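Below is the file upload-v8.tsv, which contains TSV, C-alpha atoms.
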chain	number	residue	atom	x	y	z
A	1	MET	CA	0.00	0.00	0.00
A	2	LYS	CA	2.82	2.38	0.77
A	3	LYS	CA	4.29	1.98	-2.71
A	4	LEU	CA	0.88	2.49	-4.33
A	5	SER	CA	0.42	5.67	-2.30
A	6	VAL	CA	3.82	6.89	-3.43
A	7	LEU	CA	2.91	6.27	-7.06
A	8	ALA	CA	-0.40	8.09	-6.66
A	9	ALA	CA	1.43	11.01	-5.11
A	10	SER	CA	3.90	10.93	-7.99
A	11	VAL	CA	1.10	11.41	-10.48
A	12	CYS	CA	-0.44	14.30	-8.58
A	13	LEU	CA	2.83	16.07	-7.94
A	14	ALA	CA	4.08	15.53	-11.46
A	15	LEU	CA	0.91	17.11	-12.81
A	16	ALA	CA	1.28	20.03	-10.44
A	17	SER	CA	4.88	20.64	-11.51
A	18	CYS	CA	4.84	19.60	-15.17
A	19	GLY	CA	4.73	23.18	-16.37
A	20	GLY	CA	8.16	23.85	-14.88
A	21	MET	CA	10.11	20.88	-16.15
A	22	GLY	CA	11.70	22.28	-19.25
A	23	GLY	CA	8.60	22.84	-21.36
A	24	THR	CA	8.56	19.37	-22.89
A	25	THR	CA	5.53	18.04	-21.02
A	26	THR	CA	3.11	20.89	-21.49
A	27	GLY	CA	0.65	20.94	-24.33
A	28	ALA	CA	-2.78	22.03	-25.44
A	29	ASN	CA	-4.37	18.82	-24.23
A	30	GLY	CA	-4.03	18.34	-20.50
A	31	SER	CA	-5.41	14.82	-20.76
A	32	ASP	CA	-2.43	13.84	-22.91
A	33	ILE	CA	-0.10	14.84	-20.10
A	34	LEU	CA	-2.16	12.91	-17.56
A	35	GLY	CA	-2.32	9.87	-19.81
A	36	GLY	CA	1.42	9.91	-20.40
A	37	ILE	CA	2.30	10.09	-16.72
A	38	ILE	CA	-0.23	7.48	-15.66
A	39	GLY	CA	0.92	5.24	-18.51
A	40	VAL	CA	4.51	5.31	-17.32
A	41	LEU	CA	3.66	4.80	-13.66
A	42	THR	CA	0.94	2.16	-13.94
A	43	ASN	CA	1.95	-0.24	-16.71
A	44	GLY	CA	3.78	-3.39	-15.63
A	45	SER	CA	7.32	-2.23	-16.36
A	46	GLY	CA	6.57	1.36	-15.36
A	47	VAL	CA	5.73	0.44	-11.77
A	48	VAL	CA	8.95	-1.53	-11.49
A	49	ASN	CA	10.92	1.33	-13.01
A	50	ALA	CA	9.39	3.93	-10.71
A	51	ILE	CA	10.15	1.91	-7.61
A	52	SER	CA	13.63	1.05	-8.87
A	53	SER	CA	14.40	4.76	-9.16
A	54	VAL	CA	15.06	4.75	-5.41
A	55	ILE	CA	18.53	3.84	-4.17
A	56	GLY	CA	18.55	0.87	-1.83
A	57	LEU	CA	15.08	-0.60	-2.39
A	58	ASP	CA	16.51	-3.49	-4.40
A	59	LYS	CA	19.70	-4.24	-2.50
A	60	LEU	CA	22.93	-4.87	-4.35
A	61	THR	CA	25.25	-7.20	-2.43
A	62	ALA	CA	29.00	-6.82	-2.19
A	63	GLN	CA	29.38	-9.90	-4.36
A	64	ASN	CA	27.03	-8.45	-7.00
A	65	LEU	CA	29.28	-5.40	-7.23
A	66	ILE	CA	32.43	-7.33	-8.10
A	67	GLY	CA	33.32	-7.32	-11.77
A	68	THR	CA	34.18	-5.00	-14.63
A	69	TRP	CA	31.50	-2.48	-15.56
A	70	ARG	CA	31.34	-0.33	-18.70
A	71	TYR	CA	29.50	2.94	-19.21
A	72	ASN	CA	26.09	2.50	-20.84
A	73	GLY	CA	24.57	5.97	-20.48
A	74	PRO	CA	23.54	8.52	-17.85
A	75	GLY	CA	22.08	7.25	-14.58
A	76	CYS	CA	19.71	8.91	-12.11
A	77	ALA	CA	17.95	7.88	-8.91
A	78	PHE	CA	16.44	9.35	-5.76
A	79	THR	CA	17.41	8.74	-2.16
A	80	SER	CA	13.92	7.88	-0.88
A	81	GLU	CA	10.42	6.99	-2.04
A	82	ASN	CA	9.08	10.29	-0.68
A	83	LEU	CA	11.59	12.33	-2.66
A	84	LEU	CA	10.89	10.32	-5.80
A	85	ALA	CA	7.17	11.03	-5.39
A	86	LYS	CA	7.80	14.71	-4.70
A	87	ALA	CA	9.82	15.09	-7.91
A	88	GLY	CA	7.40	13.17	-10.10
A	89	GLY	CA	8.88	9.70	-10.16
A	90	GLU	CA	10.31	7.86	-13.10
A	91	VAL	CA	9.05	10.56	-15.45
A	92	VAL	CA	11.47	13.06	-13.95
A	93	ALA	CA	14.29	10.52	-13.60
A	94	SER	CA	14.07	9.77	-17.31
A	95	GLN	CA	13.99	13.45	-18.18
A	96	ILE	CA	17.12	14.13	-16.15
A	97	GLU	CA	18.92	11.28	-17.89
A	98	GLU	CA	17.85	12.60	-21.30
A	99	LYS	CA	19.14	16.06	-20.42
A	100	LEU	CA	22.43	14.66	-19.15
A	101	LEU	CA	23.18	12.67	-22.30
A	102	PRO	CA	24.34	15.49	-24.61
A	103	TYR	CA	26.60	16.91	-21.91
A	104	TYR	CA	28.11	13.51	-21.22
A	105	GLN	CA	28.72	13.21	-24.96
A	106	LYS	CA	30.49	16.59	-24.99
A	107	VAL	CA	32.72	15.45	-22.14
A	108	GLY	CA	33.44	12.35	-24.21
A	109	LEU	CA	32.08	9.56	-22.02
A	110	SER	CA	31.69	6.23	-23.82
A	111	SER	CA	31.79	2.49	-23.17
A	112	ASN	CA	35.33	2.45	-24.54
A	113	ASN	CA	36.80	5.05	-22.19
A	114	THR	CA	34.69	4.82	-19.02
A	115	VAL	CA	35.11	1.55	-17.11
A	116	ILE	CA	35.15	0.61	-13.41
A	117	ALA	CA	36.39	-2.75	-12.08
A	118	PHE	CA	35.69	-3.76	-8.48
A	119	ASN	CA	37.89	-6.63	-7.30
A	120	ASN	CA	37.50	-9.29	-4.61
A	121	ASP	CA	40.43	-7.88	-2.64
A	122	LYS	CA	38.66	-4.52	-2.19
A	123	THR	CA	40.76	-2.75	-4.80
A	124	PHE	CA	39.37	-1.00	-7.84
A	125	THR	CA	40.61	0.34	-11.14
A	126	ALA	CA	38.68	2.98	-13.02
A	127	THR	CA	38.92	4.87	-16.28
A	128	ILE	CA	36.71	7.93	-16.61
A	129	ALA	CA	36.68	9.71	-19.98
A	130	GLY	CA	39.98	8.01	-20.78
A	131	LYS	CA	41.77	9.00	-17.57
A	132	SER	CA	42.70	6.19	-15.17
A	133	PHE	CA	42.95	5.98	-11.41
A	134	SER	CA	42.90	3.18	-8.87
A	135	GLY	CA	42.75	2.53	-5.16
A	136	THR	CA	40.73	0.69	-2.54
A	137	TYR	CA	37.03	0.65	-1.81
A	138	THR	CA	34.53	-0.39	0.84
A	139	TYR	CA	30.88	-1.14	0.21
A	140	ASN	CA	28.09	-0.73	2.77
A	141	GLU	CA	25.26	-3.06	1.77
A	142	ALA	CA	22.84	-1.38	4.19
A	143	THR	CA	23.21	2.07	2.64
A	144	SER	CA	24.41	1.04	-0.88
A	145	GLN	CA	27.32	3.45	-0.47
A	146	ILE	CA	30.75	2.86	-2.00
A	147	ALA	CA	33.72	4.69	-0.50
A	148	MET	CA	36.53	4.86	-3.07
A	149	LYS	CA	40.00	5.98	-1.99
A	150	GLY	CA	42.85	6.63	-4.41
A	151	LEU	CA	45.83	8.89	-5.03
A	152	LEU	CA	43.90	11.27	-7.29
A	153	LEU	CA	40.76	11.61	-5.17
A	154	ASN	CA	38.59	10.11	-2.47
A	155	ILE	CA	34.92	9.88	-3.38
A	156	ASN	CA	31.68	8.41	-2.07
A	157	CYS	CA	29.06	7.13	-4.47
A	158	TYR	CA	26.08	4.77	-4.49
A	159	ALA	CA	25.39	1.51	-6.30
A	160	LYS	CA	21.91	0.66	-7.57
A	161	ARG	CA	20.76	-2.52	-9.24
A	162	GLU	CA	19.46	-2.14	-12.80
A	163	MET	CA	17.77	-4.64	-15.08
A	164	ASN	CA	20.86	-4.91	-17.28
A	165	GLY	CA	23.57	-4.04	-14.79
A	166	ILE	CA	24.13	-1.39	-12.13
A	167	SER	CA	24.20	2.36	-11.72
A	168	ILE	CA	27.07	4.21	-10.03
A	169	LEU	CA	25.56	7.42	-8.68
A	170	PHE	CA	26.95	10.56	-7.02
A	171	GLU	CA	25.81	13.76	-5.43
A	172	ALA	CA	25.98	16.32	-8.23
A	173	LYS	CA	28.97	18.18	-6.74
A	174	LYS	CA	30.85	14.92	-6.23
A	175	LEU	CA	30.25	13.89	-9.84
A	176	LEU	CA	31.58	17.26	-10.97
A	177	THR	CA	34.69	16.67	-8.87
A	178	VAL	CA	35.25	13.29	-10.52
A	179	LEU	CA	34.74	14.58	-14.06
A	180	GLN	CA	36.78	17.70	-13.51
A	181	THR	CA	39.65	15.74	-11.98
A	182	MET	CA	39.62	13.16	-14.73
A	183	SER	CA	39.13	15.50	-17.69
A	184	ALA	CA	40.98	18.62	-16.44
A	185	LEU	CA	38.06	20.68	-17.74
A	186	SER	CA	37.15	22.50	-14.56
A	187	GLY	CA	35.81	25.52	-16.44
A	188	ASN	CA	33.91	23.49	-19.01
A	189	VAL	CA	30.31	24.68	-19.41
A	190	SER	CA	29.09	21.16	-20.07
A	191	LEU	CA	30.38	20.01	-16.69
A	192	GLN	CA	28.81	22.92	-14.84
A	193	THR	CA	25.47	22.22	-16.51
A	194	ILE	CA	25.57	18.64	-15.22
A	195	GLY	CA	25.56	20.03	-11.69
A	196	ASP	CA	22.89	22.62	-12.49
A	197	LEU	CA	20.44	19.99	-13.75
A	198	SER	CA	20.00	18.45	-10.31
A	199	LYS	CA	19.54	21.68	-8.34
A	200	ASN	CA	15.76	21.64	-8.66
A	201	TYR	CA	15.39	18.03	-7.53
A	202	GLU	CA	15.88	17.30	-3.85
A	203	GLY	CA	17.58	14.02	-3.07
A	204	VAL	CA	18.62	13.20	-6.64
A	205	ARG	CA	21.80	11.27	-7.42
A	206	ILE	CA	23.28	11.25	-10.91
A	207	GLY	CA	26.02	9.23	-12.56
A	208	PHE	CA	26.44	6.30	-14.90
A	209	ASP	CA	24.45	3.25	-15.92
A	210	MET	CA	26.95	0.40	-16.27
A	211	THR	CA	26.86	-3.04	-17.90
A	212	ARG	CA	29.33	-5.92	-17.97

The structure in this file should be written as structure tokens.
Amino acid sequence: MKKLSVLAASVCLALASCGGMGGTTTGANGSDILGGIIGVLTNGSGVVNAISSVIGLDKLTAQNLIGTWRYNGPGCAFTSENLLAKAGGEVVASQIEEKLLPYYQKVGLSSNNTVIAFNNDKTFTATIAGKSFSGTYTYNEATSQIAMKGLLLNINCYAKREMNGISILFEAKKLLTVLQTMSALSGNVSLQTIGDLSKNYEGVRIGFDMTR
């Protein structure tokens, strides 16, 4: 019942806020907007997607994390069901990912140059936009948080299970730190925009969808 209530709230709040989400959801026919949102949140896969947009609801074990993961596109999730509902659910999560994609492309992220490997011995190697770093990591299964420590930087992020892999997600400022450190583009407008996109959404985490 709690999840159904969250989804109902998502619909209501998304409708209330749809006029301020970049202009792509407004139109002459309000019923089209309603139908689109309800369609995403109530069809079989949509319900799963909406619920899976919350970090930690579908726990990823330490063993699940081990392996080599390649970039597969932008990732986005919320830190709680209430915050997901407040922002409009999977509709908003998808929109954020769509907005992130062109900026990620400008930075040069691809499956060939963005790879993270988590090893059994608690070490990791990572290549972000072609720049490599390595170190050690710890993973807290209860909170889904990964603490990565290396010579270039120390960073906390979150792991979330996806249908085809995992997402590695950061607070917006932390993701900027990673990209700026790796790409040496601290003044790059594309990077700053990545941080700006999440300012209007409380409790959002953004990063990378990864596959093996």

Cut-off 12 Å: closest segment 61-90 of chain A/segment 123-126 of chain A atom pairs per residue, using only C-alpha atoms, as JSON lines:
{"residue": "A:Leu65", "atom": "CA", "partner": "A:Phe124", "partner_atom": "CA", "distance": 11.0}
{"residue": "A:Ile66", "atom": "CA", "partner": "A:Phe124", "partner_atom": "CA", "distance": 9.4}
{"residue": "A:Gly67", "atom": "CA", "partner": "A:Phe124", "partner_atom": "CA", "distance": 9.6}
{"residue": "A:Thr68", "atom": "CA", "partner": "A:Thr125", "partner_atom": "CA", "distance": 9.1}
{"residue": "A:Trp69", "atom": "CA", "partner": "A:Ala126", "partner_atom": "CA", "distance": 9.4}
{"residue": "A:Arg70", "atom": "CA", "partner": "A:Ala126", "partner_atom": "CA", "distance": 9.9}
{"residue": "A:Tyr71", "atom": "CA", "partner": "A:Ala126", "partner_atom": "CA", "distance": 11.1}

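Ranking A:Leu101, A:Ala129, A:Leu197, A:Ile166 by their shortest atom-to-atom distance to Lys59 of chain A, with all atoms listed in the file included, puts A:Ile166 first.
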
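Considering all atoms listed in the file, the residue among A:Lys149, A:Lys122, A:Lys173, A:Arg205 positioned nearest to Cys76 of chain A is A:Arg205.
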
**Item:** Shortest interatomic distance to Thr79 of chain A - which of A:Glu202, A:Glu162, A:Glu98, A:Glu141, counting only C-alpha atoms
**Value:** A:Glu202

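Checking A:Leu153, A:Glu171, A:Gln145, A:Val54 one by one against Phe133 of chain A, counting all atoms listed in the file, you find the shortest gap at A:Leu153.
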
**Prompt:** So, counting all atoms listed in the file, which residue among A:Val204, A:Leu109, A:Met182, A:Leu169 is closest to Gly73 of chain A?
**Reply:**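 Closest to Gly73 of chain A, using all atoms listed in the file: A:Leu109.
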
**Item:** Residue nearest Ala77 of chain A among A:Ile155, A:Ile206, A:Leu57, A:Leu179 (counting only C-alpha atoms)
**Value:**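 Checking each of A:Ile155, A:Ile206, A:Leu57, A:Leu179 against Ala77 of chain A, counting only C-alpha atoms, the winner is A:Ile206.
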
**Message:** If I take atom CA of Gly207 of chain A and atom CA of Leu175 of chain A, how far is one from the other in Å, to one decimal?
**Reply:**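 Going from atom CA of Gly207 of chain A over to atom CA of Leu175 of chain A covers 6.9 Å.
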
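With atom CA of Gln180 of chain A on one side and atom CA of Gly203 of chain A on the other, the separation reads 22.2 Å.
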
Taking N, CA and C atoms as the atom set, what does segment 66-99 of chain A look like once completed, written as a compact mmCIF listing (two decimals), in the frame of the given file?
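File produced: result.txt:
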# COMPACT_ATOMS: atom_id res chain seq x y z
N ILE A 66 31.13 -6.92 -7.56
CA ILE A 66 32.43 -7.33 -8.10
C ILE A 66 32.33 -7.63 -9.59
N GLY A 67 33.28 -7.10 -10.33
CA GLY A 67 33.32 -7.32 -11.77
C GLY A 67 33.75 -6.06 -12.49
N THR A 68 33.80 -6.13 -13.80
CA THR A 68 34.18 -5.00 -14.63
C THR A 68 32.93 -4.43 -15.29
N TRP A 69 32.72 -3.14 -15.10
CA TRP A 69 31.50 -2.48 -15.56
C TRP A 69 31.85 -1.37 -16.55
N ARG A 70 31.12 -1.32 -17.65
CA ARG A 70 31.34 -0.33 -18.70
C ARG A 70 30.17 0.65 -18.79
N TYR A 71 30.50 1.88 -19.06
CA TYR A 71 29.50 2.94 -19.21
C TYR A 71 28.47 2.58 -20.26
N ASN A 72 27.18 2.80 -19.91
CA ASN A 72 26.09 2.50 -20.84
C ASN A 72 25.12 3.65 -20.98
N GLY A 73 25.45 4.81 -20.38
CA GLY A 73 24.57 5.97 -20.48
C GLY A 73 24.44 6.67 -19.14
N PRO A 74 23.75 7.81 -19.10
CA PRO A 74 23.54 8.52 -17.85
C PRO A 74 22.67 7.72 -16.89
N GLY A 75 22.90 7.90 -15.60
CA GLY A 75 22.08 7.25 -14.58
C GLY A 75 21.51 8.29 -13.62
N CYS A 76 20.36 7.98 -13.05
CA CYS A 76 19.71 8.91 -12.11
C CYS A 76 18.85 8.10 -11.16
N ALA A 77 18.84 8.50 -9.88
CA ALA A 77 17.95 7.88 -8.91
C ALA A 77 17.74 8.85 -7.76
N PHE A 78 16.75 8.53 -6.92
CA PHE A 78 16.44 9.35 -5.76
C PHE A 78 16.80 8.60 -4.49
N THR A 79 16.93 9.34 -3.40
CA THR A 79 17.41 8.74 -2.16
C THR A 79 16.29 8.19 -1.30
N SER A 80 15.04 8.45 -1.64
CA SER A 80 13.92 7.88 -0.88
C SER A 80 12.67 7.87 -1.73
N GLU A 81 11.69 7.05 -1.33
CA GLU A 81 10.42 6.99 -2.04
C GLU A 81 9.69 8.33 -1.97
N ASN A 82 9.77 9.01 -0.82
CA ASN A 82 9.08 10.29 -0.68
C ASN A 82 9.64 11.34 -1.62
N LEU A 83 10.97 11.35 -1.77
CA LEU A 83 11.59 12.33 -2.66
C LEU A 83 11.31 12.00 -4.12
N LEU A 84 11.25 10.72 -4.45
CA LEU A 84 10.89 10.32 -5.80
C LEU A 84 9.48 10.80 -6.12
N ALA A 85 8.55 10.61 -5.18
CA ALA A 85 7.17 11.03 -5.39
C ALA A 85 7.08 12.55 -5.51
N LYS A 86 7.82 13.24 -4.69
CA LYS A 86 7.80 14.71 -4.70
C LYS A 86 8.26 15.26 -6.04
N ALA A 87 9.26 14.61 -6.65
CA ALA A 87 9.82 15.09 -7.91
C ALA A 87 9.03 14.63 -9.12
N GLY A 88 8.17 13.64 -8.96
CA GLY A 88 7.40 13.17 -10.10
C GLY A 88 7.78 11.80 -10.59
N GLY A 89 8.62 11.09 -9.85
CA GLY A 89 8.88 9.70 -10.16
C GLY A 89 9.74 9.46 -11.36
N GLU A 90 9.49 8.31 -11.98
CA GLU A 90 10.31 7.86 -13.10
C GLU A 90 10.25 8.83 -14.27
N VAL A 91 9.15 9.57 -14.39
CA VAL A 91 9.05 10.56 -15.45
C VAL A 91 10.19 11.56 -15.36
N VAL A 92 10.41 12.08 -14.15
CA VAL A 92 11.47 13.06 -13.95
C VAL A 92 12.84 12.41 -14.06
N ALA A 93 13.00 11.21 -13.51
CA ALA A 93 14.29 10.52 -13.60
C ALA A 93 14.71 10.34 -15.05
N SER A 94 13.77 9.95 -15.89
CA SER A 94 14.07 9.77 -17.31
C SER A 94 14.42 11.09 -17.98
N GLN A 95 13.71 12.15 -17.60
CA GLN A 95 13.99 13.45 -18.18
C GLN A 95 15.39 13.94 -17.81
N ILE A 96 15.78 13.72 -16.57
CA ILE A 96 17.12 14.13 -16.15
C ILE A 96 18.17 13.38 -16.95
N GLU A 97 17.97 12.08 -17.12
CA GLU A 97 18.92 11.28 -17.89
C GLU A 97 19.01 11.76 -19.34
N GLU A 98 17.86 12.10 -19.92
CA GLU A 98 17.85 12.60 -21.30
C GLU A 98 18.60 13.92 -21.40
N LYS A 99 18.45 14.77 -20.40
CA LYS A 99 19.14 16.06 -20.42
C LYS A 99 20.64 15.90 -20.19
